[in-house]
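Novice: Please find run-v5.cif (mmCIF, C-alpha atoms and all ligand atoms; chains and numbers go by the auth columns) on the next line:
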```cif
data_start
loop_
_atom_site.group_PDB
_atom_site.id
_atom_site.type_symbol
_atom_site.label_atom_id
_atom_site.label_comp_id
_atom_site.label_asym_id
_atom_site.label_seq_id
_atom_site.Cartn_x
_atom_site.Cartn_y
_atom_site.Cartn_z
_atom_site.B_iso_or_equiv
_atom_site.auth_seq_id
_atom_site.auth_asym_id
ATOM 1 C CA MET A 1 24.169 16.833 17.663 0.00 183 A
ATOM 2 C CA SER A 2 24.781 15.328 14.250 0.00 184 A
ATOM 3 C CA GLU A 3 26.366 11.897 14.437 0.00 185 A
ATOM 4 C CA ARG A 4 26.719 8.728 12.408 0.00 186 A
ATOM 5 C CA THR A 5 25.592 5.180 12.986 0.00 187 A
ATOM 6 C CA LEU A 6 26.042 1.917 11.117 0.00 188 A
ATOM 7 C CA ALA A 7 22.868 0.170 10.023 0.00 189 A
ATOM 8 C CA ILE A 8 22.409 -3.228 8.386 0.00 190 A
ATOM 9 C CA ILE A 9 19.333 -4.417 6.544 0.00 191 A
ATOM 10 C CA LYS A 10 19.848 -8.101 7.285 0.00 192 A
ATOM 11 C CA PRO A 11 19.442 -11.084 4.905 0.00 193 A
ATOM 12 C CA ASP A 12 15.912 -11.886 6.173 0.00 194 A
ATOM 13 C CA ALA A 13 14.654 -8.370 5.351 0.00 195 A
ATOM 14 C CA VAL A 14 16.422 -8.338 1.971 0.00 196 A
ATOM 15 C CA LYS A 15 14.766 -11.688 1.105 0.00 197 A
ATOM 16 C CA LYS A 16 11.369 -10.205 2.041 0.00 198 A
ATOM 17 C CA HIS A 17 11.906 -7.269 -0.361 0.00 199 A
ATOM 18 C CA ALA A 18 11.807 -4.822 2.546 0.00 200 A
ATOM 19 C CA ILE A 19 14.868 -2.752 1.519 0.00 201 A
ATOM 20 C CA GLY A 20 12.730 0.063 0.107 0.00 202 A
ATOM 21 C CA ASP A 21 10.410 0.263 3.089 0.00 203 A
ATOM 22 C CA ILE A 22 13.293 0.337 5.570 0.00 204 A
ATOM 23 C CA LEU A 23 15.288 2.968 3.638 0.00 205 A
ATOM 24 C CA SER A 24 12.158 5.100 3.472 0.00 206 A
ATOM 25 C CA ARG A 25 11.752 4.889 7.264 0.00 207 A
ATOM 26 C CA TYR A 26 15.336 6.112 7.766 0.00 208 A
ATOM 27 C CA GLU A 27 14.864 9.039 5.388 0.00 209 A
ATOM 28 C CA LYS A 28 11.495 10.061 6.825 0.00 210 A
ATOM 29 C CA ALA A 29 13.075 10.104 10.297 0.00 211 A
ATOM 30 C CA GLY A 30 15.803 12.504 9.122 0.00 212 A
ATOM 31 C CA LEU A 31 18.536 9.856 8.973 0.00 213 A
ATOM 32 C CA LYS A 32 20.483 10.549 5.814 0.00 214 A
ATOM 33 C CA PRO A 33 22.352 7.670 4.113 0.00 215 A
ATOM 34 C CA VAL A 34 25.931 8.900 3.564 0.00 216 A
ATOM 35 C CA ALA A 35 27.362 5.522 2.513 0.00 217 A
ATOM 36 C CA MET A 36 25.630 2.347 1.381 0.00 218 A
ATOM 37 C CA LYS A 37 26.335 -1.018 -0.259 0.00 219 A
ATOM 38 C CA LEU A 38 24.753 -4.402 -0.822 0.00 220 A
ATOM 39 C CA LEU A 39 27.054 -7.283 0.037 0.00 221 A
ATOM 40 C CA HIS A 40 26.972 -10.982 0.810 0.00 222 A
ATOM 41 C CA MET A 41 29.133 -11.387 3.929 0.00 223 A
ATOM 42 C CA ALA A 42 31.425 -14.396 4.064 0.00 224 A
ATOM 43 C CA LYS A 43 31.051 -16.114 7.447 0.00 225 A
ATOM 44 C CA PRO A 44 34.453 -14.899 8.744 0.00 226 A
ATOM 45 C CA VAL A 45 33.363 -11.332 7.928 0.00 227 A
ATOM 46 C CA ALA A 46 30.211 -11.772 10.016 0.00 228 A
ATOM 47 C CA GLU A 47 32.358 -13.285 12.796 0.00 229 A
ATOM 48 C CA GLY A 48 34.634 -10.241 12.726 0.00 230 A
ATOM 49 C CA PHE A 49 31.757 -7.785 12.756 0.00 231 A
ATOM 50 C CA TYR A 50 30.043 -9.524 15.701 0.00 232 A
ATOM 51 C CA ALA A 51 33.288 -10.419 17.548 0.00 233 A
ATOM 52 C CA VAL A 52 31.932 -8.709 20.679 0.00 234 A
ATOM 53 C CA HIS A 53 29.325 -11.521 20.875 0.00 235 A
ATOM 54 C CA LYS A 54 31.880 -14.335 20.431 0.00 236 A
ATOM 55 C CA ALA A 55 31.187 -15.926 23.823 0.00 237 A
ATOM 56 C CA ARG A 56 27.390 -15.919 23.397 0.00 238 A
ATOM 57 C CA PRO A 57 25.605 -19.213 22.715 0.00 239 A
ATOM 58 C CA PHE A 58 23.939 -17.724 19.628 0.00 240 A
ATOM 59 C CA PHE A 59 27.201 -16.533 18.012 0.00 241 A
ATOM 60 C CA ASP A 60 27.643 -19.330 15.465 0.00 242 A
ATOM 61 C CA SER A 61 23.995 -19.332 14.459 0.00 243 A
ATOM 62 C CA LEU A 62 23.993 -15.510 14.167 0.00 244 A
ATOM 63 C CA CYS A 63 27.046 -15.572 11.875 0.00 245 A
ATOM 64 C CA THR A 64 25.538 -18.378 9.762 0.00 246 A
ATOM 65 C CA PHE A 65 22.379 -16.274 9.363 0.00 247 A
ATOM 66 C CA MET A 66 24.297 -13.091 8.537 0.00 248 A
ATOM 67 C CA SER A 67 26.236 -14.936 5.821 0.00 249 A
ATOM 68 C CA SER A 68 23.143 -16.678 4.394 0.00 250 A
ATOM 69 C CA GLY A 69 22.454 -14.025 1.749 0.00 251 A
ATOM 70 C CA PRO A 70 23.016 -10.401 0.858 0.00 252 A
ATOM 71 C CA SER A 71 22.637 -7.538 3.333 0.00 253 A
ATOM 72 C CA VAL A 72 22.554 -3.784 2.821 0.00 254 A
ATOM 73 C CA VAL A 73 25.093 -2.017 5.025 0.00 255 A
ATOM 74 C CA LEU A 74 24.856 1.742 5.370 0.00 256 A
ATOM 75 C CA VAL A 75 25.995 4.738 7.347 0.00 257 A
ATOM 76 C CA LEU A 76 23.190 7.000 8.545 0.00 258 A
ATOM 77 C CA GLN A 77 23.853 10.573 9.573 0.00 259 A
ATOM 78 C CA GLY A 78 21.604 12.926 11.520 0.00 260 A
ATOM 79 C CA ASP A 79 20.843 14.436 14.904 0.00 261 A
ATOM 80 C CA ASN A 80 21.151 11.767 17.594 0.00 262 A
ATOM 81 C CA ALA A 81 21.425 9.181 14.821 0.00 263 A
ATOM 82 C CA ILE A 82 22.397 6.299 17.130 0.00 264 A
ATOM 83 C CA LYS A 83 19.446 6.698 19.495 0.00 265 A
ATOM 84 C CA LYS A 84 17.018 7.647 16.740 0.00 266 A
ATOM 85 C CA ASN A 85 17.880 4.536 14.744 0.00 267 A
ATOM 86 C CA ARG A 86 17.486 2.316 17.809 0.00 268 A
ATOM 87 C CA GLU A 87 14.035 3.808 18.381 0.00 269 A
ATOM 88 C CA LEU A 88 13.105 3.209 14.741 0.00 270 A
ATOM 89 C CA MET A 89 14.313 -0.409 14.979 0.00 271 A
ATOM 90 C CA GLY A 90 12.524 -1.344 18.218 0.00 272 A
ATOM 91 C CA ALA A 91 13.553 -4.039 20.700 0.00 273 A
ATOM 92 C CA THR A 92 15.988 -6.790 19.635 0.00 274 A
ATOM 93 C CA ASP A 93 13.191 -9.355 19.939 0.00 275 A
ATOM 94 C CA PRO A 94 10.514 -8.432 17.357 0.00 276 A
ATOM 95 C CA ALA A 95 7.854 -9.925 19.670 0.00 277 A
ATOM 96 C CA LYS A 96 8.742 -7.195 22.183 0.00 278 A
ATOM 97 C CA ALA A 97 9.245 -4.385 19.662 0.00 279 A
ATOM 98 C CA GLU A 98 6.730 -1.537 19.777 0.00 280 A
ATOM 99 C CA GLN A 99 4.126 -1.279 17.030 0.00 281 A
ATOM 100 C CA GLY A 100 5.350 0.905 14.199 0.00 282 A
ATOM 101 C CA THR A 101 9.007 -0.116 14.542 0.00 283 A
ATOM 102 C CA ILE A 102 11.030 -1.817 11.814 0.00 284 A
ATOM 103 C CA ARG A 103 11.474 -5.023 13.806 0.00 285 A
ATOM 104 C CA ALA A 104 7.761 -5.213 14.614 0.00 286 A
ATOM 105 C CA ALA A 105 7.013 -4.888 10.893 0.00 287 A
ATOM 106 C CA HIS A 106 9.739 -7.080 9.397 0.00 288 A
ATOM 107 C CA GLY A 107 11.446 -9.163 12.113 0.00 289 A
ATOM 108 C CA SER A 108 10.582 -12.846 12.636 0.00 290 A
ATOM 109 C CA ASN A 109 12.355 -13.702 15.904 0.00 291 A
ATOM 110 C CA ILE A 110 15.195 -12.558 18.168 0.00 292 A
ATOM 111 C CA GLU A 111 17.796 -13.733 15.646 0.00 293 A
ATOM 112 C CA TYR A 112 16.025 -12.980 12.354 0.00 294 A
ATOM 113 C CA ASN A 113 15.283 -9.417 13.406 0.00 295 A
ATOM 114 C CA ALA A 114 15.560 -7.558 10.085 0.00 296 A
ATOM 115 C CA VAL A 115 18.007 -4.787 11.015 0.00 297 A
ATOM 116 C CA HIS A 116 21.079 -3.911 13.045 0.00 298 A
ATOM 117 C CA GLY A 117 22.062 -0.523 14.449 0.00 299 A
ATOM 118 C CA SER A 118 25.129 0.571 16.433 0.00 300 A
ATOM 119 C CA ASP A 119 24.413 0.856 20.157 0.00 301 A
ATOM 120 C CA SER A 120 26.961 3.517 21.204 0.00 302 A
ATOM 121 C CA PRO A 121 29.404 6.059 19.703 0.00 303 A
ATOM 122 C CA ASP A 122 32.354 3.691 20.241 0.00 304 A
ATOM 123 C CA THR A 123 30.515 0.825 18.579 0.00 305 A
ATOM 124 C CA ALA A 124 29.461 3.090 15.704 0.00 306 A
ATOM 125 C CA GLN A 125 33.069 4.097 15.110 0.00 307 A
ATOM 126 C CA PHE A 126 34.207 0.460 14.990 0.00 308 A
ATOM 127 C CA GLU A 127 31.273 -0.695 12.859 0.00 309 A
ATOM 128 C CA ILE A 128 31.463 2.152 10.310 0.00 310 A
ATOM 129 C CA GLY A 129 35.205 1.612 9.914 0.00 311 A
ATOM 130 C CA PHE A 130 34.648 -2.144 9.541 0.00 312 A
ATOM 131 C CA PHE A 131 32.670 -1.696 6.323 0.00 313 A
ATOM 132 C CA PHE A 132 33.586 1.732 4.979 0.00 314 A
ATOM 133 C CA PRO A 133 36.924 3.455 4.457 0.00 315 A
ATOM 134 C CA GLY A 134 36.505 7.223 4.964 0.00 316 A
ATOM 135 C CA MET A 135 36.697 7.923 1.229 0.00 317 A
ATOM 136 C CA GLU A 136 33.445 5.963 0.677 0.00 318 A
ATOM 137 C CA ILE A 137 31.430 8.167 3.044 0.00 319 A
ATOM 138 C CA TYR A 138 29.770 11.021 1.217 0.00 320 A
ATOM 139 C CA ASP A 139 28.952 14.009 3.388 0.00 321 A
ATOM 140 C CA GLY A 140 28.418 16.686 0.759 0.00 322 A
ATOM 141 C CA ARG A 141 24.679 17.365 0.874 0.00 323 A
HETATM 142 P P1 LIG B . 21.842 -7.125 16.474 0.00 401 B
HETATM 143 O O1 LIG B . 21.252 -5.837 16.895 0.00 401 B
HETATM 144 O O2 LIG B . 22.413 -7.221 15.103 0.00 401 B
HETATM 145 O O3 LIG B . 22.990 -7.524 17.521 0.00 401 B
HETATM 146 C C1 LIG B . 23.355 -8.859 17.772 0.00 401 B
HETATM 147 C C2 LIG B . 22.423 -9.848 17.146 0.00 401 B
HETATM 148 O O4 LIG B . 22.434 -11.122 17.727 0.00 401 B
HETATM 149 C C3 LIG B . 20.978 -9.377 17.345 0.00 401 B
HETATM 150 O O5 LIG B . 20.714 -8.241 16.598 0.00 401 B
HETATM 151 C C4 LIG B . 20.230 -10.626 16.956 0.00 401 B
HETATM 152 O O6 LIG B . 20.170 -10.826 15.544 0.00 401 B
HETATM 153 C C5 LIG B . 21.137 -11.683 17.566 0.00 401 B
HETATM 154 N N1 LIG B . 20.687 -12.091 18.899 0.00 401 B
HETATM 155 C C6 LIG B . 20.637 -11.357 20.026 0.00 401 B
HETATM 156 N N2 LIG B . 20.172 -12.070 21.066 0.00 401 B
HETATM 157 C C7 LIG B . 19.927 -13.300 20.579 0.00 401 B
HETATM 158 C C8 LIG B . 19.448 -14.505 21.157 0.00 401 B
HETATM 159 N N3 LIG B . 19.128 -14.577 22.448 0.00 401 B
HETATM 160 N N4 LIG B . 19.316 -15.575 20.357 0.00 401 B
HETATM 161 C C9 LIG B . 19.662 -15.496 19.031 0.00 401 B
HETATM 162 N N5 LIG B . 20.140 -14.372 18.433 0.00 401 B
HETATM 163 C C10 LIG B . 20.263 -13.289 19.196 0.00 401 B
#
```
Please express what this file holds, its structure, as structure tokens.
Ligand code: CMP
Specialist:
Amino acid sequence: MSERTLAIIKPDAVKKHAIGDILSRYEKAGLKPVAMKLLHMAKPVAEGFYAVHKARPFFDSLCTFMSSGPSVVLVLQGDNAIKKNRELMGATDPAKAEQGTIRAAHGSNIEYNAVHGSDSPDTAQFEIGFFFPGMEIYDGR
């Protein structure tokens, strides 16, 4: 079933010049970018995006990291896009991520883990709407 997921190439991966490699992994896996932008999140924007993690001890540090430099935010579309992207990313902690995954290749630690991907259809709906109004999502190819 074709579905959409929200992906973020985080500031650590952008600083490492890994945008091209990560985009290529999405495309080779059949995940088609249908919306994409590079932006430098203000800290309150990161806090809004990660509001679900507000009570976690790492929340402030996570939002400081996510607002430390530009990210690429994108909507990926394809069959089972949510699950497929999570497989491509690997485990949250790069030390536990399987060889060949994005986090194994580009992540540094459980916080600086290179990429984000929605974890469920409800989350995807919230996260896509957070960054992209419908008119910015291009579904014509
Ligand atoms: P992400 O998939 O974007 O979802 C929440 C983020 O919080 C996660 O990736 C990590 O960047 C970060 N995170 C999750 N667990 C921890 C942790 N134990 N310590 C620090 N950061 C974490």
Novice: Pick from A:Asp194, A:Asp203, A:Glu293, A:Asp242: nearest to ligand LIG 401 (chain B), with all atoms listed in the file counted?
Specialist: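 So, comparing all the options, the nearest one is A:Glu293.
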Novice: If the limit is 8 Å from any atom of ligand LIG 401 (chain B), counting only C-alpha atoms and all ligand atoms, which residues qualify? Return them as a short mmCIF file (atom, residue, chain, number, x, y, z; two decimals) with C-alpha atoms, in the frame of the given file.
Specialist:
```cif
data_model
loop_
_atom_site.label_atom_id
_atom_site.label_comp_id
_atom_site.auth_asym_id
_atom_site.auth_seq_id
_atom_site.Cartn_x
_atom_site.Cartn_y
_atom_site.Cartn_z
CA ILE A 190 22.41 -3.23 8.39
CA TYR A 232 30.04 -9.52 15.70
CA HIS A 235 29.32 -11.52 20.88
CA PRO A 239 25.60 -19.21 22.72
CA PHE A 240 23.94 -17.72 19.63
CA PHE A 241 27.20 -16.53 18.01
CA SER A 243 24.00 -19.33 14.46
CA LEU A 244 23.99 -15.51 14.17
CA THR A 274 15.99 -6.79 19.64
CA ASP A 275 13.19 -9.36 19.94
CA ILE A 292 15.20 -12.56 18.17
CA GLU A 293 17.80 -13.73 15.65
CA TYR A 294 16.02 -12.98 12.35
CA ASN A 295 15.28 -9.42 13.41
CA ALA A 296 15.56 -7.56 10.09
CA VAL A 297 18.01 -4.79 11.02
CA HIS A 298 21.08 -3.91 13.04
CA GLY A 299 22.06 -0.52 14.45
CA SER A 300 25.13 0.57 16.43
#
```
Novice: The residues within 12 Å of (30.8, 3.6, 12.9), using all atoms listed in the file and the coordinates of the file, should be reported as a PyMOL selection string; which are they?
Specialist: chain A and resi 185-190+216-217+231+255-259+263-264+299-316+319
Novice: Suppose we keep C-alpha atoms; can you now write the selection as a compact mmCIF listing (two decimals), keeping the file's coordinate frame?
Specialist:
```txt
# COMPACT_ATOMS: atom_id res chain seq x y z
CA GLU A 185 26.37 11.90 14.44
CA ARG A 186 26.72 8.73 12.41
CA THR A 187 25.59 5.18 12.99
CA LEU A 188 26.04 1.92 11.12
CA ALA A 189 22.87 0.17 10.02
CA ILE A 190 22.41 -3.23 8.39
CA VAL A 216 25.93 8.90 3.56
CA ALA A 217 27.36 5.52 2.51
CA PHE A 231 31.76 -7.78 12.76
CA VAL A 255 25.09 -2.02 5.03
CA LEU A 256 24.86 1.74 5.37
CA VAL A 257 26.00 4.74 7.35
CA LEU A 258 23.19 7.00 8.54
CA GLN A 259 23.85 10.57 9.57
CA ALA A 263 21.42 9.18 14.82
CA ILE A 264 22.40 6.30 17.13
CA GLY A 299 22.06 -0.52 14.45
CA SER A 300 25.13 0.57 16.43
CA ASP A 301 24.41 0.86 20.16
CA SER A 302 26.96 3.52 21.20
CA PRO A 303 29.40 6.06 19.70
CA ASP A 304 32.35 3.69 20.24
CA THR A 305 30.52 0.82 18.58
CA ALA A 306 29.46 3.09 15.70
CA GLN A 307 33.07 4.10 15.11
CA PHE A 308 34.21 0.46 14.99
CA GLU A 309 31.27 -0.70 12.86
CA ILE A 310 31.46 2.15 10.31
CA GLY A 311 35.20 1.61 9.91
CA PHE A 312 34.65 -2.14 9.54
CA PHE A 313 32.67 -1.70 6.32
CA PHE A 314 33.59 1.73 4.98
CA PRO A 315 36.92 3.46 4.46
CA GLY A 316 36.51 7.22 4.96
CA ILE A 319 31.43 8.17 3.04
```
Novice: Applying 12 Å and all atoms listed in the file, which residues near Gly282 of chain A remain after dropping the ones on its own chain fewer than 4 positions away? List them as a ChimeraX atom specification.
Specialist: /A:204,207,269-273,276,278,286-289
Novice: May I ask for the distance between atom CA of Ser290 of chain A and atom CA of Lys266 of chain A, given in Å to one decimal place?
Specialist: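 Taking atom CA of Ser290 of chain A as the start and atom CA of Lys266 of chain A as the end point, the length is 21.9 Å.
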Novice: Skipping near chain neighbours, those fewer than 6 positions away, what residues fall within 10 Å of Ser249 of chain A using all atoms listed in the file, listed as a ChimeraX atom specification?
Specialist: /A:192-193,221-229,243
Novice: Can you measure atom CA of Lys197 of chain A to atom CA of Asn291 of chain A for me? One decimal in Å is fine.
Specialist: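 The value is 15.1 Å.
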Novice: Hey, can you check how far atom CA of Ser250 of chain A sits from atom CA of Val196 of chain A?
Specialist: 11.0 Å
Novice: Using only the atoms of segment 206-213 of chain A listed in the file, plus 4 Å on each side, state the axis-aligned box centre and edge lengths in Å rounded to one decimal, as AutoDock Vina command-line options.
Specialist:
```
--center_x 15.0 --center_y 8.7 --center_z 6.9 --size_x 15.0 --size_y 15.6 --size_z 14.8
```
Novice: From (17.4, 14.8, 12.1), in the file's coordinates, out to 6 Å: which residues are reached, counting all atoms listed in the file? Answer as a list in words.
Specialist: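 I get Gly212, Leu213, Gly260 and Asp261 of chain A for the residues within 6 Å of that point.
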Novice: Taking only C-alpha atoms into account, which of A:Met183, A:Val254, A:Ala195, A:Ala279 comes nearest Pro215 of chain A?
Specialist: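 Looking only at the distances to Pro215 of chain A, the closest residue turns out to be A:Val254.
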Novice: Using only C-alpha atoms for the distances, tell me which of A:Leu205, A:Tyr320, A:Lys265, A:Ile191 is nearest to Met248 of chain A.
Specialist: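 Counting only C-alpha atoms, the residue closest to Met248 of chain A is A:Ile191.
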